[in-house]
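Have a look at structure.txt; it's compact mmCIF, C-alpha atoms:
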# COMPACT_ATOMS: atom_id res chain seq x y z
CA MET A 1 19.43 4.14 -9.83
CA ALA A 2 17.96 7.59 -10.34
CA GLY A 3 14.62 9.26 -10.74
CA HIS A 4 12.57 12.35 -10.05
CA ILE A 5 9.56 13.34 -7.98
CA TYR A 6 6.32 12.58 -9.83
CA GLU A 7 3.69 13.83 -7.36
CA PHE A 8 4.20 16.50 -4.73
CA TYR A 9 1.53 17.12 -2.08
CA GLY A 10 -0.96 15.22 -4.23
CA TYR A 11 -0.46 17.20 -7.44
CA GLY A 12 1.78 16.72 -10.46
CA ALA A 13 5.35 17.74 -9.66
CA THR A 14 5.35 20.63 -12.15
CA ASP A 15 1.77 21.72 -11.42
CA GLY A 16 1.93 25.50 -11.13
CA SER A 17 -1.70 26.01 -10.06
CA ARG A 18 -2.76 27.91 -6.96
CA LYS A 19 -4.08 24.70 -5.36
CA ALA A 20 -0.77 22.89 -5.83
CA LYS A 21 1.31 25.78 -4.56
CA GLU A 22 -0.92 26.30 -1.51
CA ALA A 23 -0.74 22.61 -0.62
CA ALA A 24 3.05 22.72 -0.71
CA ALA A 25 3.31 26.03 1.15
CA SER A 26 1.06 24.76 3.95
CA ALA A 27 2.53 21.22 3.90
CA VAL A 28 -1.03 19.83 3.80
CA CYS A 29 -1.80 16.37 2.44
CA PRO A 30 -4.91 16.75 0.23
CA PHE A 31 -5.99 13.18 1.01
CA LEU A 32 -6.11 13.65 4.78
CA GLY A 33 -6.63 17.40 5.04
CA THR A 34 -3.86 17.56 7.64
CA THR A 35 -0.08 18.04 7.62
CA CYS A 36 1.76 15.50 5.48
CA GLU A 37 3.04 12.68 7.71
CA LYS A 38 6.05 11.78 5.57
CA THR A 39 9.28 13.39 6.78
CA LEU A 40 12.95 13.47 5.83
CA SER A 41 15.73 12.43 8.21
CA ASP A 42 15.97 15.93 9.68
CA GLY A 43 12.22 16.22 10.29
CA ILE A 44 11.38 18.36 7.27
CA VAL A 45 7.98 17.44 5.83
CA SER A 46 8.51 15.51 2.60
CA GLY A 47 5.32 15.98 0.60
CA VAL A 48 6.36 13.34 -1.93
CA CYS A 49 3.54 10.97 -2.96
CA ALA A 50 5.17 9.22 -5.92
CA ILE A 51 8.46 9.09 -7.75
CA ARG A 52 9.36 8.16 -11.30
CA PRO A 53 12.50 6.04 -11.71
CA VAL A 54 14.40 6.74 -14.91
CA LYS A 55 13.73 3.26 -16.33
CA SER A 56 10.09 2.76 -15.35
CA GLY A 57 6.74 4.43 -14.90
CA PRO A 58 5.73 6.28 -11.73
CA VAL A 59 5.59 4.38 -8.43
CA ILE A 60 3.48 5.51 -5.47
CA CYS A 61 5.71 5.62 -2.39
CA CYS A 62 3.28 6.94 0.24
CA PRO A 63 0.42 4.68 1.42
CA ILE A 64 -1.76 7.71 2.19
CA ARG A 65 -1.93 8.31 -1.58
CA LEU A 66 -4.01 5.13 -1.84
CA TYR A 67 -6.65 6.63 0.49
CA ALA A 68 -7.81 9.14 -2.13
CA ASP A 69 -11.51 9.94 -2.54
CA ASN A 70 -12.23 9.69 1.18
CA TYR A 71 -10.85 6.17 1.67
CA ARG A 72 -12.62 4.80 -1.40
CA VAL A 73 -10.44 1.68 -1.24
CA LEU A 74 -12.00 0.66 2.10
CA ASN A 75 -15.51 1.10 0.72
CA GLU A 76 -14.63 -1.05 -2.30
CA ILE A 77 -13.22 -3.84 -0.12
CA ALA A 78 -16.23 -3.73 2.23
CA ARG A 79 -18.52 -4.07 -0.78
CA ARG A 80 -16.55 -7.06 -2.11
CA ALA A 81 -16.39 -8.76 1.27
CA PHE A 82 -19.91 -8.14 2.59
CA GLY A 83 -21.90 -7.94 -0.62
CA SER A 84 -23.69 -4.63 -0.07
CA ASP A 85 -23.05 -0.96 0.51
CA HIS A 86 -22.85 -0.19 4.21
CA ASP A 87 -21.70 2.98 5.92
CA LEU A 88 -18.19 2.81 7.34
CA VAL A 89 -18.06 3.91 10.99
CA ARG A 90 -15.23 4.35 13.48
CA GLY A 91 -14.86 0.97 15.20
CA PRO A 92 -15.68 1.88 18.82
CA GLN A 93 -18.87 3.69 17.73
CA ALA A 94 -20.24 1.07 15.32
CA ARG A 95 -22.16 -1.29 17.63
CA ALA A 96 -24.14 1.40 19.45
CA ARG A 97 -24.90 3.24 16.22
CA ALA A 98 -26.03 0.08 14.39
CA VAL A 99 -28.50 -0.68 17.18
CA ARG A 100 -29.68 2.91 17.41
CA GLU A 101 -30.26 3.20 13.66
CA SER A 102 -31.49 -0.42 13.25
CA ARG A 103 -29.26 -1.15 10.26
CA PRO A 104 -26.01 -3.02 9.56
CA LEU A 105 -22.80 -0.99 9.57
CA VAL A 106 -19.13 -1.67 8.94
CA ALA A 107 -16.88 -1.02 11.92
CA VAL A 108 -13.46 0.27 10.84
CA PHE A 109 -10.38 -0.23 12.99
CA GLY A 110 -7.24 1.48 11.75
CA GLN A 111 -5.17 4.61 12.06
CA ARG A 112 -7.36 7.71 12.51
CA TRP A 113 -10.52 5.54 12.65
CA GLY A 114 -10.56 3.31 15.69
CA GLY A 115 -6.99 2.29 16.41
CA GLU A 116 -4.98 -0.53 14.84
CA LEU A 117 -5.53 -4.05 16.18
CA ARG A 118 -2.49 -6.16 17.00
CA LEU A 119 -1.82 -9.73 15.93
CA PRO A 120 0.08 -11.34 18.84
CA ARG A 121 3.27 -13.24 18.09
CA LYS A 122 3.68 -16.62 19.72
CA THR A 123 7.42 -16.19 20.18
CA GLY A 124 9.76 -13.23 20.24
CA HIS A 125 8.99 -9.66 21.12
CA GLY A 126 6.51 -7.15 19.75
CA ASN A 127 3.40 -7.59 17.69
CA TYR A 128 2.35 -7.49 14.09
CA PHE A 129 -0.23 -4.86 13.26
CA VAL A 130 -2.94 -5.23 10.66
CA ASP A 131 -3.45 -1.88 8.93
CA TRP A 132 -7.23 -2.20 8.84
CA ILE A 133 -10.00 -4.43 10.14
CA LEU A 134 -13.42 -4.06 8.50
CA ALA A 135 -16.11 -5.73 10.60
CA LEU A 136 -19.76 -6.17 9.63
CA VAL A 137 -22.06 -5.41 12.57
CA SER A 138 -25.76 -6.31 12.34
CA GLU A 139 -28.70 -4.07 13.27
CA THR A 140 -28.79 -5.87 16.63
CA GLY A 141 -25.11 -5.17 17.30
CA GLU A 142 -23.88 -8.69 16.51
CA LEU A 143 -20.43 -9.11 14.96
CA GLN A 144 -21.18 -11.15 11.84
CA GLN A 145 -17.88 -11.33 9.94
CA PHE A 146 -14.73 -9.36 9.26
CA VAL A 147 -11.81 -9.00 6.85
CA ALA A 148 -8.29 -7.68 7.32
CA VAL A 149 -6.63 -5.18 5.01
CA GLU A 150 -2.95 -4.41 4.48
CA VAL A 151 -1.92 -1.33 2.51
CA GLN A 152 1.65 -1.25 1.25
CA THR A 153 3.69 1.01 -0.98
CA MET A 154 7.49 0.89 -1.21
CA ASP A 155 10.25 2.70 0.63
CA THR A 156 12.67 4.80 -1.38
CA THR A 157 16.43 4.56 -1.62
CA GLY A 158 18.86 7.35 -2.39
CA ASN A 159 17.91 10.96 -1.87
CA TYR A 160 15.38 13.32 -3.46
CA ARG A 161 16.10 16.37 -1.30
CA SER A 162 17.45 18.47 -4.19
CA GLY A 163 14.34 17.68 -6.24
CA ARG A 164 12.08 18.68 -3.37
CA THR A 165 13.95 21.95 -2.87
CA ALA A 166 13.57 22.79 -6.55
CA LEU A 167 9.82 22.15 -6.44
CA MET A 168 9.38 24.35 -3.38
CA ASP A 169 11.15 27.13 -5.27
CA GLY A 170 8.81 27.93 -8.14
CA ARG A 171 7.34 24.47 -8.76
CA ARG A 172 8.36 24.33 -12.41
CA GLU A 173 11.87 22.82 -12.40
CA MET A 174 12.17 19.01 -12.61
CA VAL A 175 15.42 17.87 -11.02
CA HIS A 176 16.74 14.33 -11.39
CA THR A 177 18.03 12.85 -8.14
CA SER A 178 19.48 9.60 -6.80
CA VAL A 179 16.06 8.42 -5.58
CA GLY A 180 15.00 4.86 -6.31
CA ILE A 181 12.71 2.11 -4.99
CA ASN A 182 13.77 -0.40 -2.33
CA TRP A 183 12.45 -3.52 -4.08
CA GLU A 184 14.35 -5.79 -1.66
CA ASN A 185 11.58 -5.22 0.87
CA VAL A 186 9.39 -7.55 -1.21
CA SER A 187 11.50 -10.52 -0.13
CA LYS A 188 12.68 -9.35 3.27
CA ARG A 189 9.47 -8.00 4.73
CA ILE A 190 6.28 -7.94 2.66
CA VAL A 191 5.80 -11.57 1.61
CA PRO A 192 6.89 -13.16 4.93
CA GLN A 193 4.47 -10.93 6.84
CA LEU A 194 1.63 -11.72 4.44
CA VAL A 195 2.19 -15.44 4.97
CA TYR A 196 2.23 -15.09 8.76
CA LYS A 197 -0.84 -12.86 8.94
CA GLY A 198 -2.70 -14.99 6.42
CA GLN A 199 -2.05 -18.12 8.48
CA VAL A 200 -3.32 -16.41 11.64
CA LEU A 201 -6.46 -15.13 9.93
CA GLN A 202 -7.40 -18.45 8.34
CA ARG A 203 -7.96 -19.78 11.89
CA GLU A 204 -10.53 -17.06 12.58
CA GLN A 205 -14.11 -18.33 12.39
CA LEU A 206 -15.61 -15.01 11.30
CA CYS A 207 -12.90 -14.06 8.81
CA GLN A 208 -14.67 -15.48 5.76
CA ARG A 209 -12.77 -13.60 3.02
CA GLY A 210 -9.29 -13.61 4.52
CA LEU A 211 -6.77 -10.83 3.94
CA PHE A 212 -6.85 -8.08 1.31
CA PHE A 213 -3.50 -6.65 0.23
CA VAL A 214 -3.66 -3.21 -1.41
CA CYS A 215 -0.63 -1.92 -3.28
CA PRO A 216 0.46 0.00 -6.38
CA GLU A 217 0.60 -2.12 -9.54
CA PRO A 218 4.45 -2.04 -9.78
CA VAL A 219 4.62 -3.55 -6.27
CA LEU A 220 2.37 -6.46 -7.26
CA LYS A 221 4.49 -7.03 -10.37
CA HIS A 222 7.65 -7.30 -8.27
CA ILE A 223 5.96 -9.61 -5.78
CA LEU A 224 4.96 -11.91 -8.64
CA GLU A 225 8.48 -11.79 -10.07
CA ARG A 226 9.85 -12.81 -6.68
CA LEU A 227 7.36 -15.71 -6.57
CA GLY A 228 8.24 -17.08 -9.99
CA GLY A 229 6.01 -15.01 -12.24
CA THR A 230 2.49 -15.94 -11.21
CA LEU A 231 0.17 -17.22 -8.50
CA PRO A 232 -2.85 -19.51 -9.01
CA ARG A 233 -6.21 -17.77 -8.77
CA PHE A 234 -8.89 -19.02 -6.38
CA PRO A 235 -12.29 -17.67 -5.37
CA GLU A 236 -12.18 -15.39 -2.34
CA ARG A 237 -12.71 -17.55 0.72
CA LYS A 238 -11.64 -18.13 4.30
CA ALA A 239 -7.95 -18.82 3.59
CA SER A 240 -7.59 -16.20 0.83
CA ILE A 241 -5.15 -13.42 0.23
CA THR A 242 -6.59 -11.05 -2.37
CA PHE A 243 -4.15 -8.67 -4.05
CA LEU A 244 -5.71 -5.39 -5.20
CA ALA A 245 -3.35 -3.40 -7.38
CA TYR A 246 -4.10 0.29 -7.85
CA ASP A 247 -2.50 2.68 -10.29
CA TYR A 248 -3.22 5.88 -12.13
CA ALA A 249 -6.19 5.53 -14.43
CA PRO A 250 -5.04 4.63 -17.97
CA ASP A 251 -4.68 7.36 -20.57
CA THR A 252 -4.69 10.15 -18.00
CA ARG A 253 -2.12 12.85 -17.41
CA HIS A 254 -1.67 15.54 -14.83
CA CYS A 255 -3.55 18.77 -15.48
CA ASP A 256 -2.82 21.84 -13.38
CA GLY A 257 -5.01 22.02 -10.30
CA GLU A 258 -6.26 18.44 -10.59
CA ILE A 259 -5.34 15.24 -8.74
CA LEU A 260 -4.97 12.13 -10.89
CA PRO A 261 -7.59 9.46 -10.12
CA LEU A 262 -6.54 5.95 -9.11
CA THR A 263 -8.26 2.78 -10.22
CA VAL A 264 -8.00 -0.97 -9.63
CA VAL A 265 -5.90 -2.36 -12.48
CA ASP A 266 -5.52 -5.95 -11.24
CA THR A 267 -7.26 -8.25 -8.76
CA LEU A 268 -5.59 -11.50 -7.78
CA PRO A 269 -7.24 -13.74 -5.17
CA THR A 270 -5.05 -16.66 -4.13
CA SER A 271 -4.54 -18.86 -1.07
CA VAL A 272 -2.20 -18.47 1.89
CA GLU A 273 -0.70 -21.91 1.25
CA LYS A 274 0.04 -21.17 -2.42
CA LEU A 275 1.70 -17.89 -1.44
CA LYS A 276 3.84 -19.71 1.14
CA GLU A 277 4.68 -22.49 -1.30
CA SER A 278 5.73 -20.06 -4.03
CA PHE A 279 7.84 -18.01 -1.62
CA ASN A 280 9.73 -21.10 -0.43
CA ASN A 281 10.30 -22.48 -3.93
CA VAL A 282 12.92 -19.95 -4.90
CA THR A 283 14.48 -20.26 -8.35
CA LEU A 284 18.20 -20.38 -7.63
CA GLU A 285 20.96 -18.96 -9.78
CA HIS A 286 23.36 -21.24 -11.67
CA SER A 287 25.96 -22.99 -9.52
CA ASN A 288 29.34 -21.33 -8.82
CA VAL A 289 28.04 -17.79 -9.30
CA TYR A 290 30.16 -16.56 -6.39
CA GLN A 291 33.25 -18.24 -7.86
CA ALA A 292 32.65 -16.48 -11.16
CA ALA A 293 32.20 -13.13 -9.43
CA ILE A 294 35.42 -13.56 -7.43
CA GLU A 295 37.35 -14.56 -10.54
CA ALA A 296 36.08 -11.49 -12.37
CA ALA A 297 36.97 -9.24 -9.43
CA LEU A 298 40.49 -10.70 -9.22
CA GLY A 299 41.14 -9.80 -12.83
CA ALA A 300 43.39 -11.49 -15.38
CA ARG A 301 46.21 -13.76 -14.22
In structure tokens, write the structure found in this file.
Amino acid sequence: MAGHIYEFYGYGATDGSRKAKEAAASAVCPFLGTTCEKTLSDGIVSGVCAIRPVKSGPVICCPIRLYADNYRVLNEIARRAFGSDHDLVRGPQARARAVRESRPLVAVFGQRWGGELRLPRKTGHGNYFVDWILALVSETGELQQFVAVEVQTMDTTGNYRSGRTALMDGRREMVHTSVGINWENVSKRIVPQLVYKGQVLQREQLCQRGLFFVCPEPVLKHILERLGGTLPRFPERKASITFLAYDYAPDTRHCDGEILPLTVVDTLPTSVEKLKESFNNVTLEHSNVYQAAIEAALGAR
């Protein structure tokens, strides 16, 4: 597998504008306004937001990229879940501020907002974290309901170091590298964790809209492929998992000095039980596939 860097510090990889060059020179993520958090194995700041495999369209590989427009994704989910526009406030400050201002607010718990909240595991060691909790707090400070949000991109395989070096040196040369997408994480990590977290959340009295899963559109497509091609759609409810797939707005292309907008391209609300059922009902290969592979590897008699 091979590919090249598609977005670098928020801008198109070959963007030669002053804004793009300054972002790279200062190693600043334009979506957070602070140093890019993605690093290579030796600690060098990566700056890579998205890659483009040779045989597909671009794939966002940094979850921070999905927080563009001042965490617009969280505002959109809060609106879907709670039915109105409410200000989003750092979690520990929300109750006192709602009472002081006599209006409902949405308390946000997550990295850089109010700390992530753990989901305890009944057995084993460690905890599962939920990326975000959005909690509706009334004007009297009462916790009324909440939803959980997971944000997931995909890890890369291979190496894009040579491509990054070329972009730091003049910004105009596009170098193909061995970088690819680790799609195996769909089966090994993403879906099993969604099932577990969804089952925990469906037992929560105030979690009326379940779990929202935010990802790039190619990630949702691979999840559906792993689950047999589709999932049944249900209204958002207590035992729901709602997939929100974001991607670059259609018919747009990078212009120097501008960041491409993202938009919701697919919404798929389903149930925890249907997700679990689909994950367990794996479509197996034909019988004796290992025998055939061994025979082929042994060569002719």
Discussion item. If I take atom CA of Ala107 of chain A and atom CA of Ala94 of chain A, how far is one from the other in Å, to one decimal?
Written reply: 5.2 Å
Practice prompt. Within 9 Å of (-16.8, -15.5, 11.5) (coordinates as in the file), grab all the protein and nucleic acid residues, counting all atoms listed in the file, and write them out as a PyMOL selection string.
Written response: chain A and resi 143-146+204-208
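Atom pair atom CA of Glu150 of chain A / atom CA of Pro104 of chain A: separated by 23.7 Å.
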Item to complete: Provide the atom CA of Val265 of chain A to atom CA of Arg65 of chain A distance in Å, to one decimal place.
Response: 15.8 Å
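Counting all atoms listed in the file, the residue from A:Gly47, A:Gly198, A:Gly3, A:Gly12 that sits nearest to Arg164 of chain A is A:Gly47.
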Discussion item. As an NGL selection string, please: the residues near segment 249-260 of chain A (cut-off 8 Å, only C-alpha atoms, same-chain neighbours under 2 positions excluded).
Written reply: :A and (10-12 or 15-20 or 247 or 262-263)
Leaving out segment 178-182 of chain A and any residue of its chain fewer than 3 positions from it, which residues lie within 9 Å of it when counting only C-alpha atoms, given as a short mmCIF file (atom, residue, chain, number, x, y, z; two decimals) with C-alpha atoms, in the frame of the given file?
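The result, stored in around.cif:
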data_model
loop_
_atom_site.label_atom_id
_atom_site.label_comp_id
_atom_site.auth_asym_id
_atom_site.auth_seq_id
_atom_site.Cartn_x
_atom_site.Cartn_y
_atom_site.Cartn_z
CA MET A 1 19.43 4.14 -9.83
CA ALA A 2 17.96 7.59 -10.34
CA GLY A 3 14.62 9.26 -10.74
CA HIS A 4 12.57 12.35 -10.05
CA ILE A 5 9.56 13.34 -7.98
CA ILE A 51 8.46 9.09 -7.75
CA ARG A 52 9.36 8.16 -11.30
CA PRO A 53 12.50 6.04 -11.71
CA VAL A 54 14.40 6.74 -14.91
CA VAL A 59 5.59 4.38 -8.43
CA CYS A 61 5.71 5.62 -2.39
CA MET A 154 7.49 0.89 -1.21
CA ASP A 155 10.25 2.70 0.63
CA THR A 156 12.67 4.80 -1.38
CA THR A 157 16.43 4.56 -1.62
CA GLY A 158 18.86 7.35 -2.39
CA ASN A 159 17.91 10.96 -1.87
CA TYR A 160 15.38 13.32 -3.46
CA ASN A 185 11.58 -5.22 0.87
CA VAL A 186 9.39 -7.55 -1.21
#
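Between Val45 of chain A and the candidates A:Ala98, A:Ile133, A:Ile64, A:Ala27, the tightest atom-to-atom separation, counting all atoms listed in the file, involves A:Ala27.
Proximity ranking of A:Glu184, A:Asp69, A:Gly141, A:Ala78 relative to Gln93 of chain A places A:Gly141 first, based on all atoms listed in the file.
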Discussion item. I'd like the neighbourhood of Cys36 of chain A as a PyMOL selection string, where a residue qualifies if any of its atoms comes within 10 Å (using all atoms listed in the file), though same-chain residues fewer than 6 positions away should be ignored.
Written reply: chain A and resi 9+23-24+26-30+45-49+64
Could you please take those selected residues and save C-alpha atoms as a PDB file, in the frame of the given file?
ATOM      1  CA  TYR A   9       1.530  17.120  -2.080  1.00  0.00           C
ATOM      2  CA  ALA A  23      -0.740  22.610  -0.620  1.00  0.00           C
ATOM      3  CA  ALA A  24       3.050  22.720  -0.710  1.00  0.00           C
ATOM      4  CA  SER A  26       1.060  24.760   3.950  1.00  0.00           C
ATOM      5  CA  ALA A  27       2.530  21.220   3.900  1.00  0.00           C
ATOM      6  CA  VAL A  28      -1.030  19.830   3.800  1.00  0.00           C
ATOM      7  CA  CYS A  29      -1.800  16.370   2.440  1.00  0.00           C
ATOM      8  CA  PRO A  30      -4.910  16.750   0.230  1.00  0.00           C
ATOM      9  CA  VAL A  45       7.980  17.440   5.830  1.00  0.00           C
ATOM     10  CA  SER A  46       8.510  15.510   2.600  1.00  0.00           C
ATOM     11  CA  GLY A  47       5.320  15.980   0.600  1.00  0.00           C
ATOM     12  CA  VAL A  48       6.360  13.340  -1.930  1.00  0.00           C
ATOM     13  CA  CYS A  49       3.540  10.970  -2.960  1.00  0.00           C
ATOM     14  CA  ILE A  64      -1.760   7.710   2.190  1.00  0.00           C
TER      15      ILE A  64
END
Discussion item. Need the shell around segment 86-88 of chain A: protein/DNA/RNA residues with any atom at most 12 Å away, counting only C-alpha atoms. Skip same-chain ones fewer than 5 positions apart. Format as a VMD selection string?
Written reply: chain A and resid 70 to 81 93 to 95 97 to 98 101 103 to 110 113 to 114 133 to 139
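Residues lying within 9 Å of Gln111 of chain A, counting only C-alpha atoms and ignoring same-chain neighbours fewer than 3 positions away, are Gly114, Gly115, Glu116, Asp131 and Trp132 of chain A.
Proximity of A:Ile241, A:Thr230, A:Phe31, A:Thr177 to Arg161 of chain A, computed with all atoms listed in the file, is greatest for A:Thr177.
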Fill in: Proximity to Tyr248 of chain A - best of A:Glu236, A:Glu142, A:Glu7, A:Glu22, all atoms listed in the file
A:Glu7
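Each of A:Gly83, A:Gly91, A:Gly163, A:Pro269 was compared to Phe234 of chain A using only C-alpha atoms, and A:Pro269 turns out to be the nearest.
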Six-sided padding of 3 Å per side, axis-aligned box over segment 236-249 of chain A, centre and edges in Å, one decimal, as AutoDock Vina command-line options:
--center_x -7.6 --center_y -6.5 --center_z -5.1 --size_x 16.2 --size_y 30.7 --size_z 24.7
